[in-house]
$ cat query-v4.pdb   # PDB, C-alpha atoms, pLDDT in the B column
ATOM      1  CA  MET K 656       0.000   0.000   0.000  1.00 57.00           C
ATOM      2  CA  LYS K 657       1.475   3.277  -1.065  1.00 54.00           C
ATOM      3  CA  GLN K 658       0.784   6.201   1.197  1.00 58.00           C
ATOM      4  CA  THR K 659      -0.069   9.275  -0.819  1.00 61.00           C
ATOM      5  CA  ASN K 660       0.013  11.900   1.899  1.00 57.00           C
ATOM      6  CA  PRO K 661       3.196  13.522   3.230  1.00 50.00           C
ATOM      7  CA  GLN K 662       2.857  11.695   6.571  1.00 55.00           C
ATOM      8  CA  GLY K 663       2.678   8.341   4.741  1.00 66.00           C
ATOM      9  CA  SER K 664       5.898   6.722   5.879  1.00 75.00           C
ATOM     10  CA  SER K 665       5.361   7.863   9.478  1.00 84.00           C
ATOM     11  CA  SER K 666       1.885   6.255   9.372  1.00 84.00           C
ATOM     12  CA  ILE K 667       3.416   2.945   8.272  1.00 84.00           C
ATOM     13  CA  ARG K 668       6.050   3.211  11.021  1.00 88.00           C
ATOM     14  CA  PHE K 669       3.278   3.916  13.539  1.00 89.00           C
ATOM     15  CA  VAL K 670       1.457   0.732  12.462  1.00 88.00           C
ATOM     16  CA  GLY K 671       4.717  -1.209  12.904  1.00 91.00           C
ATOM     17  CA  VAL K 672       5.260   0.248  16.373  1.00 92.00           C
ATOM     18  CA  ALA K 673       1.625  -0.430  17.341  1.00 91.00           C
ATOM     19  CA  ALA K 674       1.883  -4.030  16.089  1.00 91.00           C
ATOM     20  CA  ALA K 675       5.097  -4.493  18.096  1.00 93.00           C
ATOM     21  CA  VAL K 676       3.448  -3.029  21.237  1.00 93.00           C
ATOM     22  CA  LEU K 677       0.498  -5.374  20.697  1.00 91.00           C
ATOM     23  CA  VAL K 678       2.702  -8.460  20.404  1.00 93.00           C
ATOM     24  CA  VAL K 679       4.890  -7.465  23.380  1.00 94.00           C
ATOM     25  CA  THR K 680       1.935  -6.684  25.670  1.00 93.00           C
ATOM     26  CA  TYR K 681       0.303  -9.975  24.664  1.00 92.00           C
ATOM     27  CA  LEU K 682       3.466 -11.977  25.382  1.00 94.00           C
ATOM     28  CA  VAL K 683       4.065 -10.148  28.677  1.00 94.00           C
ATOM     29  CA  SER K 684       0.470 -10.860  29.657  1.00 93.00           C
ATOM     30  CA  VAL K 685       0.605 -14.577  28.782  1.00 92.00           C
ATOM     31  CA  ILE K 686       4.030 -15.184  30.354  1.00 94.00           C
ATOM     32  CA  ALA K 687       3.369 -13.127  33.494  1.00 93.00           C
ATOM     33  CA  LEU K 688       0.059 -14.907  34.089  1.00 91.00           C
ATOM     34  CA  LYS K 689       1.828 -18.251  33.836  1.00 91.00           C
ATOM     35  CA  VAL K 690       4.966 -17.399  35.827  1.00 91.00           C
ATOM     36  CA  LEU K 691       3.606 -15.023  38.487  1.00 87.00           C
ATOM     37  CA  ALA K 692       0.083 -16.478  38.636  1.00 85.00           C
ATOM     38  CA  PRO K 693      -1.277 -13.377  40.406  1.00 84.00           C
ATOM     39  CA  GLY K 694      -4.764 -13.210  41.798  1.00 86.00           C
ATOM     40  CA  GLY K 695      -7.475 -10.548  42.035  1.00 89.00           C
ATOM     41  CA  THR K 696      -6.817  -7.122  40.545  1.00 91.00           C
ATOM     42  CA  GLY K 697      -3.296  -7.991  39.394  1.00 90.00           C
ATOM     43  CA  ARG K 698      -4.620 -10.897  37.346  1.00 92.00           C
ATOM     44  CA  LEU K 699      -7.336  -8.739  35.827  1.00 93.00           C
ATOM     45  CA  ALA K 700      -4.814  -6.023  34.910  1.00 92.00           C
ATOM     46  CA  LEU K 701      -2.506  -8.553  33.255  1.00 92.00           C
ATOM     47  CA  VAL K 702      -5.332 -10.197  31.310  1.00 92.00           C
ATOM     48  CA  LEU K 703      -6.502  -6.844  29.963  1.00 93.00           C
ATOM     49  CA  LEU K 704      -2.993  -5.492  29.278  1.00 93.00           C
ATOM     50  CA  PRO K 705      -2.981  -6.381  25.513  1.00 92.00           C
ATOM     51  CA  LEU K 706      -6.139  -4.316  24.983  1.00 93.00           C
ATOM     52  CA  GLY K 707      -3.975  -1.184  25.236  1.00 92.00           C
ATOM     53  CA  GLY K 708      -1.931  -2.530  22.323  1.00 90.00           C
ATOM     54  CA  PHE K 709      -5.122  -3.214  20.395  1.00 91.00           C
ATOM     55  CA  VAL K 710      -6.369   0.356  20.908  1.00 94.00           C
ATOM     56  CA  LEU K 711      -3.018   1.715  19.711  1.00 94.00           C
ATOM     57  CA  PHE K 712      -3.198  -0.591  16.666  1.00 91.00           C
ATOM     58  CA  ILE K 713      -6.707   0.651  15.796  1.00 93.00           C
ATOM     59  CA  VAL K 714      -5.534   4.276  15.997  1.00 94.00           C
ATOM     60  CA  ALA K 715      -2.543   3.438  13.765  1.00 94.00           C
ATOM     61  CA  GLU K 716      -4.725   1.640  11.200  1.00 92.00           C
ATOM     62  CA  VAL K 717      -7.195   4.539  10.988  1.00 93.00           C
ATOM     63  CA  ARG K 718      -4.297   6.954  10.503  1.00 94.00           C
ATOM     64  CA  LEU K 719      -2.830   4.702   7.805  1.00 93.00           C
ATOM     65  CA  ILE K 720      -6.133   4.392   5.925  1.00 93.00           C
ATOM     66  CA  ARG K 721      -6.706   8.153   6.048  1.00 93.00           C
ATOM     67  CA  GLY K 722      -3.404   8.547   4.201  1.00 92.00           C
ATOM     68  CA  LEU K 723      -4.368   6.203   1.359  1.00 94.00           C
ATOM     69  CA  ASP K 724      -5.615   7.512  -1.957  1.00 96.00           C
ATOM     70  CA  GLU K 725      -9.275   7.334  -2.975  1.00 97.00           C
ATOM     71  CA  MET K 726      -9.142   3.966  -4.742  1.00 96.00           C
ATOM     72  CA  GLN K 727      -7.134   2.330  -1.960  1.00 95.00           C
ATOM     73  CA  GLN K 728      -9.703   3.636   0.534  1.00 96.00           C
ATOM     74  CA  ARG K 729     -12.464   2.128  -1.649  1.00 96.00           C
ATOM     75  CA  VAL K 730     -10.620  -1.208  -1.575  1.00 96.00           C
ATOM     76  CA  GLN K 731     -10.438  -1.041   2.237  1.00 94.00           C
ATOM     77  CA  LEU K 732     -14.140  -0.174   2.431  1.00 96.00           C
ATOM     78  CA  GLU K 733     -15.082  -3.121   0.202  1.00 96.00           C
ATOM     79  CA  ALA K 734     -12.800  -5.439   2.195  1.00 95.00           C
ATOM     80  CA  LEU K 735     -14.517  -4.375   5.433  1.00 94.00           C
ATOM     81  CA  ALA K 736     -17.945  -4.646   3.776  1.00 96.00           C
ATOM     82  CA  VAL K 737     -17.145  -8.320   3.140  1.00 95.00           C
ATOM     83  CA  ALA K 738     -15.300  -8.962   6.403  1.00 94.00           C
ATOM     84  CA  TYR K 739     -17.706  -7.490   8.936  1.00 95.00           C
ATOM     85  CA  PRO K 740     -20.887  -9.364   7.913  1.00 96.00           C
ATOM     86  CA  THR K 741     -18.885 -12.533   7.188  1.00 95.00           C
ATOM     87  CA  THR K 742     -17.425 -12.469  10.695  1.00 94.00           C
ATOM     88  CA  ILE K 743     -20.892 -11.926  12.172  1.00 94.00           C
ATOM     89  CA  LEU K 744     -22.258 -14.787  10.059  1.00 95.00           C
ATOM     90  CA  LEU K 745     -19.517 -17.174  11.196  1.00 93.00           C
ATOM     91  CA  VAL K 746     -19.731 -16.235  14.880  1.00 92.00           C
ATOM     92  CA  PHE K 747     -23.540 -16.420  14.852  1.00 93.00           C
ATOM     93  CA  GLY K 748     -23.291 -19.760  13.024  1.00 93.00           C
ATOM     94  CA  LEU K 749     -21.050 -21.131  15.750  1.00 92.00           C
ATOM     95  CA  GLY K 750     -23.470 -19.771  18.382  1.00 91.00           C
ATOM     96  CA  PHE K 751     -26.480 -21.417  16.713  1.00 94.00           C
ATOM     97  CA  LEU K 752     -24.636 -24.735  16.450  1.00 93.00           C
ATOM     98  CA  GLU K 753     -23.634 -24.493  20.117  1.00 91.00           C
ATOM     99  CA  ARG K 754     -27.257 -23.835  21.082  1.00 93.00           C
ATOM    100  CA  ALA K 755     -28.249 -26.970  19.172  1.00 95.00           C
ATOM    101  CA  GLY K 756     -25.645 -28.960  21.102  1.00 93.00           C
ATOM    102  CA  TYR K 757     -22.926 -29.137  18.447  1.00 91.00           C
ATOM    103  CA  GLN K 758     -19.332 -28.119  19.158  1.00 88.00           C
ATOM    104  CA  VAL K 759     -17.219 -27.307  16.115  1.00 88.00           C
ATOM    105  CA  PRO K 760     -13.723 -28.712  16.759  1.00 88.00           C
ATOM    106  CA  GLY K 761     -11.234 -25.914  17.348  1.00 87.00           C
ATOM    107  CA  PHE K 762     -13.926 -23.361  18.238  1.00 86.00           C
ATOM    108  CA  GLU K 763     -15.021 -24.592  21.651  1.00 84.00           C
ATOM    109  CA  ARG K 764     -14.033 -21.402  23.494  1.00 85.00           C
ATOM    110  CA  LEU K 765     -14.649 -17.722  22.774  1.00 81.00           C
ATOM    111  CA  ARG K 766     -10.901 -17.067  22.562  1.00 81.00           C
ATOM    112  CA  ASP K 767     -10.634 -19.597  19.700  1.00 84.00           C
ATOM    113  CA  VAL K 768     -12.772 -17.543  17.313  1.00 86.00           C
ATOM    114  CA  TRP K 769     -10.239 -14.746  16.693  1.00 84.00           C
ATOM    115  CA  PRO K 770      -9.174 -16.173  13.278  1.00 86.00           C
ATOM    116  CA  LEU K 771     -12.777 -15.667  12.165  1.00 87.00           C
ATOM    117  CA  THR K 772     -12.306 -11.943  12.713  1.00 85.00           C
ATOM    118  CA  VAL K 773      -9.082 -11.738  10.673  1.00 89.00           C
ATOM    119  CA  LEU K 774      -9.476 -14.187   7.782  1.00 93.00           C
ATOM    120  CA  PRO K 775     -12.651 -12.582   6.308  1.00 94.00           C
ATOM    121  CA  TYR K 776     -10.786  -9.247   6.130  1.00 93.00           C
ATOM    122  CA  TRP K 777      -7.985 -10.823   4.099  1.00 94.00           C
ATOM    123  CA  LEU K 778     -10.567 -12.542   1.908  1.00 95.00           C
ATOM    124  CA  GLY K 779     -12.382  -9.226   1.374  1.00 94.00           C
ATOM    125  CA  LEU K 780      -9.114  -7.457   0.629  1.00 94.00           C
ATOM    126  CA  ALA K 781      -8.151 -10.085  -1.964  1.00 95.00           C
ATOM    127  CA  LEU K 782     -11.579  -9.849  -3.629  1.00 95.00           C
ATOM    128  CA  ALA K 783     -11.509  -6.048  -3.697  1.00 94.00           C
ATOM    129  CA  TRP K 784      -7.972  -5.855  -5.104  1.00 93.00           C
ATOM    130  CA  ARG K 785      -8.873  -8.422  -7.755  1.00 93.00           C
ATOM    131  CA  ARG K 786     -11.729  -6.217  -8.877  1.00 92.00           C
ATOM    132  CA  TYR K 787      -9.545  -3.182  -9.508  1.00 92.00           C
ATOM    133  CA  ARG K 788      -6.473  -4.994 -10.847  1.00 87.00           C
TER
ATOM    134  CA  MET H 699     -16.353   5.310 -18.064  1.00 89.00           C
ATOM    135  CA  LYS H 700     -13.974   5.409 -21.026  1.00 94.00           C
ATOM    136  CA  ASN H 701     -10.845   7.551 -20.808  1.00 97.00           C
ATOM    137  CA  ARG H 702      -7.733   8.594 -22.728  1.00 96.00           C
ATOM    138  CA  LEU H 703      -5.387   8.541 -19.765  1.00 97.00           C
ATOM    139  CA  ARG H 704      -3.010   5.911 -21.165  1.00 97.00           C
ATOM    140  CA  THR H 705      -2.662   7.824 -24.451  1.00 97.00           C
ATOM    141  CA  LEU H 706      -2.134  11.169 -22.709  1.00 98.00           C
ATOM    142  CA  ARG H 707       0.445   9.659 -20.360  1.00 98.00           C
ATOM    143  CA  ALA H 708       2.308   8.126 -23.322  1.00 97.00           C
ATOM    144  CA  GLN H 709       2.274  11.480 -25.143  1.00 97.00           C
ATOM    145  CA  HIS H 710       4.044  13.047 -22.158  1.00 97.00           C
ATOM    146  CA  GLY H 711       6.483  10.127 -21.887  1.00 97.00           C
ATOM    147  CA  TRP H 712       5.538   9.415 -18.285  1.00 98.00           C
ATOM    148  CA  SER H 713       5.463   6.041 -16.588  1.00 98.00           C
ATOM    149  CA  GLN H 714       2.461   5.119 -14.455  1.00 97.00           C
ATOM    150  CA  SER H 715       4.581   5.808 -11.362  1.00 97.00           C
ATOM    151  CA  GLU H 716       5.571   9.275 -12.600  1.00 97.00           C
ATOM    152  CA  LEU H 717       1.956  10.165 -13.338  1.00 98.00           C
ATOM    153  CA  ALA H 718       0.913   8.762  -9.967  1.00 97.00           C
ATOM    154  CA  ASP H 719       3.490  10.955  -8.204  1.00 97.00           C
ATOM    155  CA  ARG H 720       2.303  14.046 -10.091  1.00 97.00           C
ATOM    156  CA  LEU H 721      -1.305  13.328  -9.105  1.00 97.00           C
ATOM    157  CA  GLU H 722      -0.398  12.191  -5.558  1.00 95.00           C
ATOM    158  CA  VAL H 723      -2.083   8.821  -5.926  1.00 97.00           C
ATOM    159  CA  SER H 724      -0.735   5.278  -6.068  1.00 95.00           C
ATOM    160  CA  ARG H 725       0.471   3.588  -9.258  1.00 96.00           C
ATOM    161  CA  GLN H 726      -2.244   0.961  -8.740  1.00 95.00           C
ATOM    162  CA  THR H 727      -4.873   3.708  -8.942  1.00 97.00           C
ATOM    163  CA  ILE H 728      -3.471   4.995 -12.246  1.00 98.00           C
ATOM    164  CA  ASN H 729      -3.407   1.434 -13.581  1.00 97.00           C
ATOM    165  CA  ALA H 730      -7.019   0.803 -12.516  1.00 97.00           C
ATOM    166  CA  ILE H 731      -8.189   4.072 -14.140  1.00 97.00           C
ATOM    167  CA  GLU H 732      -6.316   3.305 -17.373  1.00 97.00           C
ATOM    168  CA  ARG H 733      -7.857  -0.172 -17.477  1.00 96.00           C
ATOM    169  CA  GLU H 734     -11.260   1.460 -16.840  1.00 95.00           C
ATOM    170  CA  LYS H 735     -11.779  -0.625 -13.726  1.00 95.00           C
ATOM    171  CA  TYR H 736     -12.062   2.430 -11.491  1.00 96.00           C
ATOM    172  CA  ASP H 737     -13.712   5.783 -12.150  1.00 96.00           C
ATOM    173  CA  PRO H 738     -11.895   8.590 -10.338  1.00 97.00           C
ATOM    174  CA  SER H 739     -13.627  11.127  -8.126  1.00 97.00           C
ATOM    175  CA  LEU H 740     -14.455  14.527  -9.561  1.00 96.00           C
ATOM    176  CA  THR H 741     -11.588  15.995  -7.521  1.00 97.00           C
ATOM    177  CA  LEU H 742      -9.047  13.633  -9.065  1.00 98.00           C
ATOM    178  CA  ALA H 743     -10.550  14.090 -12.540  1.00 97.00           C
ATOM    179  CA  PHE H 744     -10.093  17.869 -12.177  1.00 97.00           C
ATOM    180  CA  ARG H 745      -6.472  17.356 -11.068  1.00 97.00           C
ATOM    181  CA  MET H 746      -5.877  15.226 -14.191  1.00 98.00           C
ATOM    182  CA  ALA H 747      -7.500  17.819 -16.403  1.00 98.00           C
ATOM    183  CA  ALA H 748      -5.315  20.548 -14.900  1.00 98.00           C
ATOM    184  CA  LEU H 749      -2.170  18.432 -15.286  1.00 98.00           C
ATOM    185  CA  PHE H 750      -2.817  17.765 -18.976  1.00 98.00           C
ATOM    186  CA  ALA H 751      -4.266  21.266 -19.563  1.00 97.00           C
ATOM    187  CA  LEU H 752      -7.472  19.757 -20.935  1.00 97.00           C
ATOM    188  CA  ARG H 753     -11.136  19.777 -20.023  1.00 97.00           C
ATOM    189  CA  ILE H 754     -12.472  16.752 -18.116  1.00 96.00           C
ATOM    190  CA  GLU H 755     -14.653  15.732 -21.052  1.00 95.00           C
ATOM    191  CA  GLU H 756     -11.548  15.642 -23.248  1.00 96.00           C
ATOM    192  CA  ILE H 757     -10.137  12.912 -21.000  1.00 97.00           C
ATOM    193  CA  PHE H 758     -13.259  11.039 -19.893  1.00 96.00           C
ATOM    194  CA  GLU H 759     -16.222   9.912 -21.903  1.00 93.00           C
ATOM    195  CA  PRO H 760     -19.325   8.379 -20.345  1.00 86.00           C
ATOM    196  CA  GLU H 761     -20.396   4.892 -21.447  1.00 79.00           C
ATOM    197  CA  LYS H 762     -23.248   5.099 -23.935  1.00 72.00           C
TER
END
$ encode --input "query-v4.pdb" --output "structure tokens"
Amino acid sequence: MKQTNPQGSSSIRFVGVAAAVLVVTYLVSVIALKVLAPGGTGRLALVLLPLGGFVLFIVAEVRLIRGLDEMQQRVQLEALAVAYPTTILLVFGLGFLERAGYQVPGFERLRDVWPLTVLPYWLGLALAWRRYR
Amino acid sequence: MKNRLRTLRAQHGWSQSELADRLEVSRQTINAIEREKYDPSLTLAFRMAALFALRIEEIFEPEK
């Protein structure tokens, strides 16, 4: 993705930094929970620690997308238009199956469904790029 | 929408990247416009017209 505004390269760097913060806070959270095994408020704080990284990543992504040109922004919009309802469809589908007593292997817990929030975006992005290529 | 962008770019001896830089858009956007897969906004169409010193309707032609 080429940034077309003057702050383009700084936006890409910001996304990189945000992604690094996200990964580091996640790893710190997972490792500290295992090693220190804190209880009460400390445990809660550690569990929620990666959310700060997520918020930073969202801010960086919005800044990056604002710097794209009009067609690239259209591609992102179309990717999200595919991804958002697809994710809802998949998550609701899993919920309906669970209600009927079926457990889809690999999606037994809420924390297992995160790929369903990422993969539809990549699918949407591929479809949108294909359209304008 | 049909357009003459590829011809005009060739007349000026510019690559897609050079034209993209002059219009402050990505090369992919220029490519998509030339292949008539993407219709630019009015703002971008005016920038193209100004760059080539033409009127918009001399670059773009609506599908009949």
$ closest_residue --input "query-v4.pdb" --among "H:Thr705, H:Asn729, H:Phe758, H:Ala718" --to "H:Ala743" --atoms "all atoms listed in the file"
H:Phe758
$ atom_distance --input "query-v4.pdb" --atom1 "atom CA of H:Met746" --atom2 "atom CA of K:Leu782"
27.8 Å
$ atom_distance --input "query-v4.pdb" --atom1 "atom CA of K:Gly707" --atom2 "atom CA of K:Val670"
14.0 Å
$ atom_distance --input "query-v4.pdb" --atom1 "atom CA of K:Arg788" --atom2 "atom CA of H:Gln726"
7.6 Å
$ resolve_selection --input "query-v4.pdb" --expression "the PyMOL selection byres ((chain H) within 7 of (chain K))" --output "PyMOL selection string"
chain H and resi 722-724+727+730+735-736
$ axis_aligned_box --input "query-v4.pdb" --around "stretch 730-736 of chain H" --padding-each-side "8 Å" --output "JSON"
{"center_x": -9.2, "center_y": 1.7, "center_z": -14.5, "size_x": 21.7, "size_y": 20.7, "size_z": 22.0}
$ resolve_selection --input "query-v4.pdb" --expression "the PyMOL selection byres ((chain H and resi 752-757) around 12)" --output "list in words"
Met699, Lys700, Asn701, Arg702, Leu703, Arg704, Thr705, Leu706, Arg707, Ile731, Glu732, Asp737, Pro738, Ser739, Leu740, Thr741, Leu742, Ala743, Phe744, Arg745, Met746, Ala747, Ala748, Leu749, Phe750, Ala751, Phe758, Glu759 and Pro760 of chain H
$ resolve_selection --input "query-v4.pdb" --expression "the PyMOL selection byres ((chain K and resi 718) around 12)" --output "list in words"
Gln658, Asn660, Gln662, Gly663, Ser664, Ser665, Ser666, Ile667, Arg668, Phe669, Val670, Ala673, Leu711, Phe712, Ile713, Val714, Ala715, Glu716, Val717, Leu719, Ile720, Arg721, Gly722, Leu723 and Gln728 of chain K
$ residues_around --input "query-v4.pdb" --residues "K:Tyr681" --least-positions-apart "4" --cutoff "10 Å" --atoms "all atoms listed in the file" --output "ChimeraX atom specification"
/K:675-677,685-687,701-709
$ closest_residue --input "query-v4.pdb" --among "K:Val710, K:Leu749, K:Gly695, K:Ala755" --to "K:Asp767" --atoms "only C-alpha atoms"
K:Leu749
